[in-house]
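J.: Quick one: the structure is below, questions incoming.
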Amino acid sequence: MAKQIAILQIGATDWTEQVKDEPVDWTFCQGIDLPVLLARQEQPKKLEADYVLLTDPTLDSVILARQIRDWPAYRVIYLGDFSSFSPVVQQALADRGAFYFEEQTAESVVNRILSDLFKGQVGFASRFSEKQFIPENNWAWHWQRAGRFDTRVSGDFGEDFQQIGTLKTFQTDFQPGQENLIYADYSTTGTAELALAFVFYQNGGLQQLKLFQNPDIRQMPMVRAPKQYLDYQILVLAKGNGELTLRNLHQRKSRHGLGYFLPGSERLLTEDNQEVNCYFNPGTKKGPLVVAFAGARLHVEGFEMMGQLDHLGYPYLLFTDTRAAGGAFMVGSQAFENLVIARINEAQMTLKQEAVDTIFVGYSMGSYPAMYYAGRCQSQHIVIAKPIINIGRFTQNGALAHQGENYDWPLDVRQVLTGRLDLQDSQQLDEKLWSSLANVDWPKARVDLFTMLADEYDGGSLGELLTYFNERGAKIRHQEVPGHHDEKIKEMLTFIEEAIQKQGQEERGLFY
C-alpha cells in the first residue's frame with residue numbers, strides 16, 4: 001500500500017501496530033526519547049515527518065515546547081486537553097498553529113489526518129459562461145451577459161423552484177466520498193431566490209440528489225460525492241420575481257474547519273460578501289515579513305510560492321483572489337482593500353515588525369497588488385516579476401491575444417473592479433497604482449524586478465515603471481530575459497527567492 005503521509009507519534013502508548021495497514025509512514029517515540037531521535041537525524045531541528053501527533057493527555061515538557069517552535073507551523077496535532085498542558089507548551093502550540101483533534105483512537109485519528117490534512121490544494125470554479133452554463137429557454141425570462149461569466153436573468157420564475165439552466169461539470173471534480181464546500185457567488189433582486197441541485201448518476205440512473213436553497217455564502221454548505229458514481233450535473237433553479245446575477249460557483253475540498261486550500265489558511269468576507277483568502281505562516285527563522293500575492297489562476301484556485309517561502313524560512317502572508325477567472329488583481333472596493341490591509345497589519349503586529357520592513361512580492365497578476373499594497377502600507381521593499389501595471393489599458397482589451405490563443409477574461413476583471421464595462425473607467429483604473437506608489441519613500445526603497453523581452457501582457461507599460469523608479473531614486477535590480485509572458489517560470493521563481501533573501505539579509509540587523 002502506497003504511503004501518503006508520514007507521521008511522528010510522540011506519547012506513552014505506541015500506535016504502530018494499530019496503524020500498520022493504513023497508508024501512513026509511522027514513527028513512534030516516547031517524549032523522553034525525542035532528543036535522541038532528533039540527534040540521529042542529519043539535520044536535528046528538521047521535521048522529517050509531515051505531521052507530529054501528540055497523543056498524551058497532558059504535556060509538560062520544556063524540551064518539547066522548544067522543539068515545537070523549531071518545527072514548521074501547522075504541522076503538530078494534539079489530542080489532550082489544552083487547559084491541562086503547561087503554559088510553555090500551550091504557548092508553543094498556539095504560536096505554531098497546532099491542530100486539536102477530538103478523535104482519540106488510532107484509526108479515527110489517521111482517518112482524520114488523511115481526510116483533512118491531505119497534501120496539496122483542491123479548489124476550482126464553475127463559471128456561468130456560454131461554454132459551461134446552458135440556460136433553459138423560456139419566453140418569460142430575459143437573459144443578458146456582462147463580460148463572459150457575469151450572467152443575469154430576470155423575470156417571474158414562479159412560486160416553486162424551477163430549473164433555469166445547467167452547469168457542465170467534470171467527473172474528476174470529486175473523488176469517491178469526497179466532501180466539497182460550495183460557495184456560490186451570486187446576487188438577487190426582488191423576491192428572486194436561487195437553488196442548486198447536485199445530481200449524481202450511476203449506470204444510467206439517478207444515484208443521489210442534494211438540493212441547496214439560497215446557498216449560504218458565509219457558512220458554505222458541503223456536498224458529499226457517493227463512493228461510486230459515473231457522472232454528475234449541477235442544476236440551477238430559481239423562484240420568485242426579480243433578477244439573479246450569477247458569477248461563479250466555487251468548490252473546495254473540505255478540511256472540516258482546519259483551513260481552506262491549505263491547513264491553517266483563512267477565509268475573510270467583506271460586508272457585501274467579497275471573499276479574501278489568506279494564509280499566514282510564522283516561518284522557521286527570524287526575518288522580515290513577506291507578503292506575496294498569487295498570479296492569475298485560470299483553472300484551479302489556491303495559493304502560490306509556498307515552496308520558495310518555506311525554503312527561505314521567513315514569516316510570510318499569502319493572498320489569492322477568486323473573484324474572477326484568474327483573479328482581479330486583489331484590489332477593488334474600499335471595504336475589500338481595507339480587509340487586505342487589516343490582515344497585513346495584523347501579521348506585522350504579531351511579529352512586532354514595522355511596515356517599512358515588509359517585503360511585498362508578486363508576479364504577473366500578483367505583481368500589481370504587490371506594488372499597490374506596498375504603497376498603501378508605505379513599505380520600502382518590493383520584489384516583482386512580469387509586472388502588469390496599467391490595469392485600465394489591460395482590462396479594456398476584451399480579446400487578449402497570447403501566443404496565438406485568445407484570453408478573453410480581462411473584461412470580467414473590469415466587471416469585478418468597476419461593476420460595469422465602460423471605457424470611461426480606463427484612466428481612473430490606470431491612475432490607481434500610481435497614486436498608491438506615491439506613498440513610498442523611494443530614495444530608501446529597494447526594488448527587484450524580473451521582466452521578459454517579448455512580454456505581450458503589459459510590455460507597453462514597463463518603460464513607464466522603470467522611468468518612475470529611476471526618477472525617484474529607487475535602488476533597483478533589474479533582470480530581463482528573452483521570452484514571452486508565460487515562459488521561464490523556473491528562472492523567475494529562482495530570481496524571486498534570491499531577491500527576497502538579498503533584501504532580507506540587507507535588513508537582517510533589524511530582526512536579530
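Starting from 1 in every chain, residues are counted up; chains themselves are A, B, ... following the order of the C-alpha cells, and ligands are numbered from 1 as listed.
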Name all residues at most 12 Å from range 483-499 of chain A (count only C-alpha atoms; drop same-chain ones fewer than 4 positions away) and give them as a PyMOL selection string.

T.: chain A and resi 290+292+295-296+304-314+359-365+367+381-388+401-404+446-459+476-479+503-506

J.: Residues of range 130-241 of chain A that approach range 417-440 of chain A to 12 Å or less, counting only C-alpha atoms: could you list each one with the shortest pair of atoms and its distance in Å to one decimal, rows by chain and increasing residue number, as CSV?

T.:
```
residue,atom,partner,partner_atom,distance
A:Arg145,CA,A:Leu421,CA,10.7
A:Ala146,CA,A:Leu421,CA,7.2
A:Gly147,CA,A:Leu421,CA,7.6
A:Arg148,CA,A:Leu421,CA,11.4
A:Asp150,CA,A:Gly419,CA,10.3
```

J.: Which is closest to Gly460 in chain A among A:Asp412, A:Phe118, A:Arg393, A:Glu136, if we use only C-alpha atoms?

T.: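 Closest to Gly460 in chain A, using only C-alpha atoms: A:Arg393.
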
J.: Could you check which of A:Gln91, A:Thr172, A:Thr270, A:Thr188 is closest to Phe124 in chain A, using only C-alpha atoms?

T.: A:Thr172

J.: May I have all residues of range 20-232 of chain A that DSSP, computed from the backbone, assigns to strand (DSSP E), given as a ChimeraX atom specification?

T.: /A:24-29,51-54,76-78,99-100,123-127,133-135,142-146,150-156,162-167,179-188,193-202,205-213,222-224,231-232

J.: For Thr151 in chain A, list every protein, DNA or RNA residue within 12 Å, evaluated using only C-alpha atoms, and leave out those in the same chain fewer than 3 positions away; present the list as a PyMOL selection string.

T.: chain A and resi 127-130+132-135+142-148+154+164-165+185-188+243-248+412+415

J.: Write the residues of the preceding selection, restricted to N, CA and C atoms, as a compact mmCIF listing (two decimals), in the first residue's frame.

T.:
```txt
# COMPACT_ATOMS: atom_id res chain seq x y z
N ARG A 127 -17.86 28.32 -14.03
CA ARG A 127 -18.19 29.67 -14.47
C ARG A 127 -19.54 29.69 -15.20
N PHE A 128 -20.27 30.76 -15.01
CA PHE A 128 -21.54 30.92 -15.72
C PHE A 128 -21.26 31.55 -17.09
N SER A 129 -20.50 30.82 -17.91
CA SER A 129 -20.13 31.27 -19.24
C SER A 129 -20.98 30.56 -20.28
N GLU A 130 -20.89 31.01 -21.53
CA GLU A 130 -21.65 30.34 -22.59
C GLU A 130 -21.14 28.94 -22.86
N GLN A 132 -19.88 26.86 -20.27
CA GLN A 132 -20.10 25.98 -19.12
C GLN A 132 -21.53 26.04 -18.59
N PHE A 133 -22.27 27.09 -18.90
CA PHE A 133 -23.64 27.22 -18.40
C PHE A 133 -24.62 27.15 -19.56
N ILE A 134 -25.58 26.22 -19.47
CA ILE A 134 -26.58 26.04 -20.52
C ILE A 134 -27.92 26.53 -19.98
N PRO A 135 -28.42 27.68 -20.45
CA PRO A 135 -29.69 28.20 -19.92
C PRO A 135 -30.89 27.48 -20.52
N HIS A 142 -35.64 37.07 -19.27
CA HIS A 142 -34.72 37.89 -20.07
C HIS A 142 -33.28 37.62 -19.63
N TRP A 143 -32.44 37.21 -20.59
CA TRP A 143 -31.04 36.87 -20.30
C TRP A 143 -30.13 37.95 -20.85
N GLN A 144 -29.05 38.24 -20.12
CA GLN A 144 -28.02 39.14 -20.62
C GLN A 144 -26.70 38.81 -19.95
N ARG A 145 -25.60 39.23 -20.60
CA ARG A 145 -24.26 38.99 -20.06
C ARG A 145 -23.50 40.30 -19.93
N ALA A 146 -22.60 40.35 -18.95
CA ALA A 146 -21.62 41.42 -18.83
C ALA A 146 -20.27 40.74 -18.72
N GLY A 147 -19.48 40.82 -19.78
CA GLY A 147 -18.27 40.01 -19.82
C GLY A 147 -18.64 38.59 -20.20
N ARG A 148 -17.80 37.65 -19.83
CA ARG A 148 -18.03 36.25 -20.20
C ARG A 148 -18.74 35.45 -19.13
N SER A 154 -33.72 37.73 -15.57
CA SER A 154 -34.79 38.39 -14.83
C SER A 154 -36.13 37.90 -15.34
N ILE A 164 -33.59 26.77 -14.35
CA ILE A 164 -33.30 27.84 -15.31
C ILE A 164 -32.04 27.55 -16.11
N GLY A 165 -31.31 26.49 -15.74
CA GLY A 165 -30.11 26.16 -16.50
C GLY A 165 -29.35 25.01 -15.87
N ASP A 185 -21.20 32.53 -5.80
CA ASP A 185 -21.03 33.98 -5.91
C ASP A 185 -22.17 34.50 -6.78
N TYR A 186 -23.20 35.04 -6.16
CA TYR A 186 -24.39 35.48 -6.88
C TYR A 186 -25.08 36.58 -6.09
N SER A 187 -26.03 37.24 -6.72
CA SER A 187 -26.86 38.23 -6.03
C SER A 187 -28.26 38.21 -6.64
N THR A 188 -29.25 38.71 -5.90
CA THR A 188 -30.63 38.70 -6.36
C THR A 188 -31.29 40.04 -6.08
N GLU A 243 -34.43 39.58 -10.41
CA GLU A 243 -33.25 39.31 -11.23
C GLU A 243 -32.22 38.52 -10.43
N LEU A 244 -31.59 37.55 -11.07
CA LEU A 244 -30.46 36.83 -10.49
C LEU A 244 -29.22 37.17 -11.29
N THR A 245 -28.14 37.53 -10.59
CA THR A 245 -26.84 37.74 -11.22
C THR A 245 -25.94 36.59 -10.79
N LEU A 246 -25.55 35.76 -11.75
CA LEU A 246 -24.79 34.54 -11.49
C LEU A 246 -23.36 34.74 -11.98
N ARG A 247 -22.40 34.53 -11.07
CA ARG A 247 -21.00 34.76 -11.44
C ARG A 247 -20.20 33.46 -11.45
N ASN A 248 -19.93 32.92 -10.28
CA ASN A 248 -19.12 31.71 -10.18
C ASN A 248 -19.71 30.78 -9.12
N ASP A 412 -13.92 40.48 -17.62
CA ASP A 412 -14.55 40.07 -16.37
C ASP A 412 -13.83 40.65 -15.17
N GLN A 415 -15.25 44.02 -14.88
CA GLN A 415 -16.60 43.95 -14.29
C GLN A 415 -16.52 43.86 -12.77
```

J.: Using only C-alpha atoms, which residue out of A:Ala328, A:Ile68, A:Ala370, A:Leu339 lies closest to Arg414 in chain A?

T.: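 Nearest candidate to Arg414 in chain A out of A:Ala328, A:Ile68, A:Ala370, A:Leu339: A:Ala328.
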
J.: What's the separation between CA of Pro410 in chain A and CA of Gln251 in chain A, in Å to one decimal place?

T.: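 CA of Gln251 in chain A lies at a distance of 22.5 Å from CA of Pro410 in chain A.
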
J.: Do a neighbour search on Gly177 in chain A at 8 Å with only C-alpha atoms, toss out local chain neighbours closer than 6 positions, and write the hits as JSON, numbers by chain.

T.: {"A": [224, 225, 226, 227, 228]}

J.: Would you list the contacts of Tyr260 in chain A as an mmCIF file with C-alpha atoms, in the first residue's frame, taking every protein, DNA or RNA residue within 10 Å and counting only C-alpha atoms, but skipping same-chain residues closer than 4 positions in sequence?

T.:
```cif
data_model
loop_
_atom_site.group_PDB
_atom_site.id
_atom_site.type_symbol
_atom_site.label_atom_id
_atom_site.label_comp_id
_atom_site.auth_asym_id
_atom_site.auth_seq_id
_atom_site.Cartn_x
_atom_site.Cartn_y
_atom_site.Cartn_z
ATOM 1 C CA GLN A 121 -4.805 22.248 -2.664
ATOM 2 C CA VAL A 122 -8.162 21.333 -4.176
ATOM 3 C CA GLY A 123 -10.275 24.245 -5.358
ATOM 4 C CA LEU A 181 -17.562 23.090 0.333
ATOM 5 C CA ARG A 252 -13.152 23.452 -2.327
ATOM 6 C CA LYS A 253 -12.330 20.078 -0.833
ATOM 7 C CA SER A 254 -13.315 20.352 2.814
ATOM 8 C CA ARG A 255 -10.767 20.242 5.629
ATOM 9 C CA HIS A 256 -13.622 20.321 8.174
ATOM 10 C CA GLY A 264 -4.376 26.876 8.663
ATOM 11 C CA SER A 265 -5.477 29.284 5.932
ATOM 12 C CA GLU A 266 -8.268 31.813 6.443
ATOM 13 C CA ARG A 267 -11.327 32.962 4.523
ATOM 14 C CA ASN A 277 -8.418 34.192 1.118
ATOM 15 C CA CYS A 278 -5.152 34.457 3.048
ATOM 16 C CA TYR A 279 -2.586 32.247 4.747
ATOM 17 C CA GLY A 302 -5.283 28.380 -4.283
#
```

J.: Just list as a PyMOL selection string whatever in range 303-483 of chain A DSSP marks as helix (DSSP H, G or I).

T.: chain A and resi 306-312+334-351+355-357+364-376+391-395+410-418+423-437+442-444+459-471

J.: Could you build a table of the residues in range 41-142 of chain A lying no more than 8 Å from range 11-32 of chain A, giving for each the nearest pair of atoms and their separation in Å rounded to one decimal place, using only C-alpha atoms, ordered by chain and ascending residue number, as a Markdown table?

T.:
```
| residue | atom | partner | partner_atom | distance |
| --- | --- | --- | --- | --- |
| A:Leu54 | CA | A:Gly11 | CA | 6.0 |
| A:Thr55 | CA | A:Gly11 | CA | 5.2 |
| A:Asp56 | CA | A:Gly11 | CA | 5.2 |
| A:Leu64 | CA | A:Gly31 | CA | 7.6 |
| A:Ala106 | CA | A:Trp15 | CA | 6.5 |
| A:Glu107 | CA | A:Val19 | CA | 6.9 |
| A:Val110 | CA | A:Glu22 | CA | 7.7 |
```

J.: Extract, using only C-alpha atoms, all DNA, RNA and protein residues at most 8 Å from Gly97 in chain A, discarding same-chain residues fewer than 5 positions from it, and format them as a list in words.

T.: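 Within the cut-off, the hits are Ala73, Tyr74, Arg75, Val76 and Gly264 of chain A.
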
J.: Might you pull out every residue within 9 Å of Ala238 in chain A, with only C-alpha atoms counted and same-chain residues fewer than 2 positions away left off, and present them as a list in words?

T.: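 The neighbour list is Phe157, Gly158, Asp160, Phe161, Gln162, Gln163, Ile164, Ala192, Glu193, Leu194, Ala195, Leu196, Val236, Gly240 and Leu244 of chain A.
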
J.: Put those residues in a file: N, CA and C atoms, as a PDB file, in the first residue's frame.

T.:
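Output contents, as saved in again.pdb:
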```pdb
ATOM      1  N   PHE A 157     -40.268  33.679 -12.007  1.00  0.00           N
ATOM      2  CA  PHE A 157     -39.847  32.281 -12.006  1.00  0.00           C
ATOM      3  C   PHE A 157     -40.859  31.367 -11.312  1.00  0.00           C
ATOM      4  N   GLY A 158     -41.969  31.921 -10.856  1.00  0.00           N
ATOM      5  CA  GLY A 158     -42.999  31.121 -10.242  1.00  0.00           C
ATOM      6  C   GLY A 158     -42.847  30.989  -8.735  1.00  0.00           C
ATOM      7  N   ASP A 160     -42.675  28.099  -7.061  1.00  0.00           N
ATOM      8  CA  ASP A 160     -41.834  26.953  -6.710  1.00  0.00           C
ATOM      9  C   ASP A 160     -40.557  26.981  -7.552  1.00  0.00           C
ATOM     10  N   PHE A 161     -39.496  26.383  -6.993  1.00  0.00           N
ATOM     11  CA  PHE A 161     -38.234  26.346  -7.726  1.00  0.00           C
ATOM     12  C   PHE A 161     -38.412  25.587  -9.041  1.00  0.00           C
ATOM     13  N   GLN A 162     -37.885  26.175 -10.107  1.00  0.00           N
ATOM     14  CA  GLN A 162     -37.851  25.505 -11.398  1.00  0.00           C
ATOM     15  C   GLN A 162     -36.489  25.729 -12.040  1.00  0.00           C
ATOM     16  N   GLN A 163     -36.111  24.807 -12.903  1.00  0.00           N
ATOM     17  CA  GLN A 163     -34.777  24.840 -13.488  1.00  0.00           C
ATOM     18  C   GLN A 163     -34.650  25.986 -14.485  1.00  0.00           C
ATOM     19  N   ILE A 164     -33.589  26.772 -14.351  1.00  0.00           N
ATOM     20  CA  ILE A 164     -33.305  27.838 -15.308  1.00  0.00           C
ATOM     21  C   ILE A 164     -32.040  27.548 -16.114  1.00  0.00           C
ATOM     22  N   ALA A 192     -36.659  37.165  -5.990  1.00  0.00           N
ATOM     23  CA  ALA A 192     -35.989  36.047  -6.660  1.00  0.00           C
ATOM     24  C   ALA A 192     -35.084  35.295  -5.691  1.00  0.00           C
ATOM     25  N   GLU A 193     -35.093  33.953  -5.798  1.00  0.00           N
ATOM     26  CA  GLU A 193     -34.248  33.101  -4.971  1.00  0.00           C
ATOM     27  C   GLU A 193     -33.539  32.086  -5.857  1.00  0.00           C
ATOM     28  N   LEU A 194     -32.393  31.601  -5.365  1.00  0.00           N
ATOM     29  CA  LEU A 194     -31.566  30.646  -6.116  1.00  0.00           C
ATOM     30  C   LEU A 194     -31.499  29.326  -5.368  1.00  0.00           C
ATOM     31  N   ALA A 195     -31.454  28.242  -6.126  1.00  0.00           N
ATOM     32  CA  ALA A 195     -31.192  26.916  -5.561  1.00  0.00           C
ATOM     33  C   ALA A 195     -30.273  26.160  -6.517  1.00  0.00           C
ATOM     34  N   LEU A 196     -29.459  25.275  -5.947  1.00  0.00           N
ATOM     35  CA  LEU A 196     -28.550  24.443  -6.724  1.00  0.00           C
ATOM     36  C   LEU A 196     -28.816  22.987  -6.374  1.00  0.00           C
ATOM     37  N   VAL A 236     -29.371  24.472 -11.974  1.00  0.00           N
ATOM     38  CA  VAL A 236     -29.573  25.800 -11.408  1.00  0.00           C
ATOM     39  C   VAL A 236     -31.065  26.105 -11.450  1.00  0.00           C
ATOM     40  N   GLY A 240     -39.637  32.969  -7.534  1.00  0.00           N
ATOM     41  CA  GLY A 240     -39.889  34.360  -7.193  1.00  0.00           C
ATOM     42  C   GLY A 240     -39.868  35.252  -8.417  1.00  0.00           C
ATOM     43  N   LEU A 244     -31.589  37.550 -11.074  1.00  0.00           N
ATOM     44  CA  LEU A 244     -30.460  36.831 -10.490  1.00  0.00           C
ATOM     45  C   LEU A 244     -29.216  37.171 -11.292  1.00  0.00           C
TER      46      LEU A 244
END
```

J.: For CA of Asp321 in chain A and CA of Glu480 in chain A, quote the distance in Å rounded to one decimal.

T.: 27.2 Å

J.: Could you state the separation of CA of Ala94 in chain A and CA of Leu318 in chain A in Å, given to one decimal place?

T.: 19.8 Å

J.: Counting only C-alpha atoms, which residue out of A:Gln104, A:Leu38, A:Val62, A:Asp272 sits closest to Ala92 in chain A?

T.: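 Using only C-alpha atoms, the shortest distance to Ala92 in chain A belongs to A:Val62.
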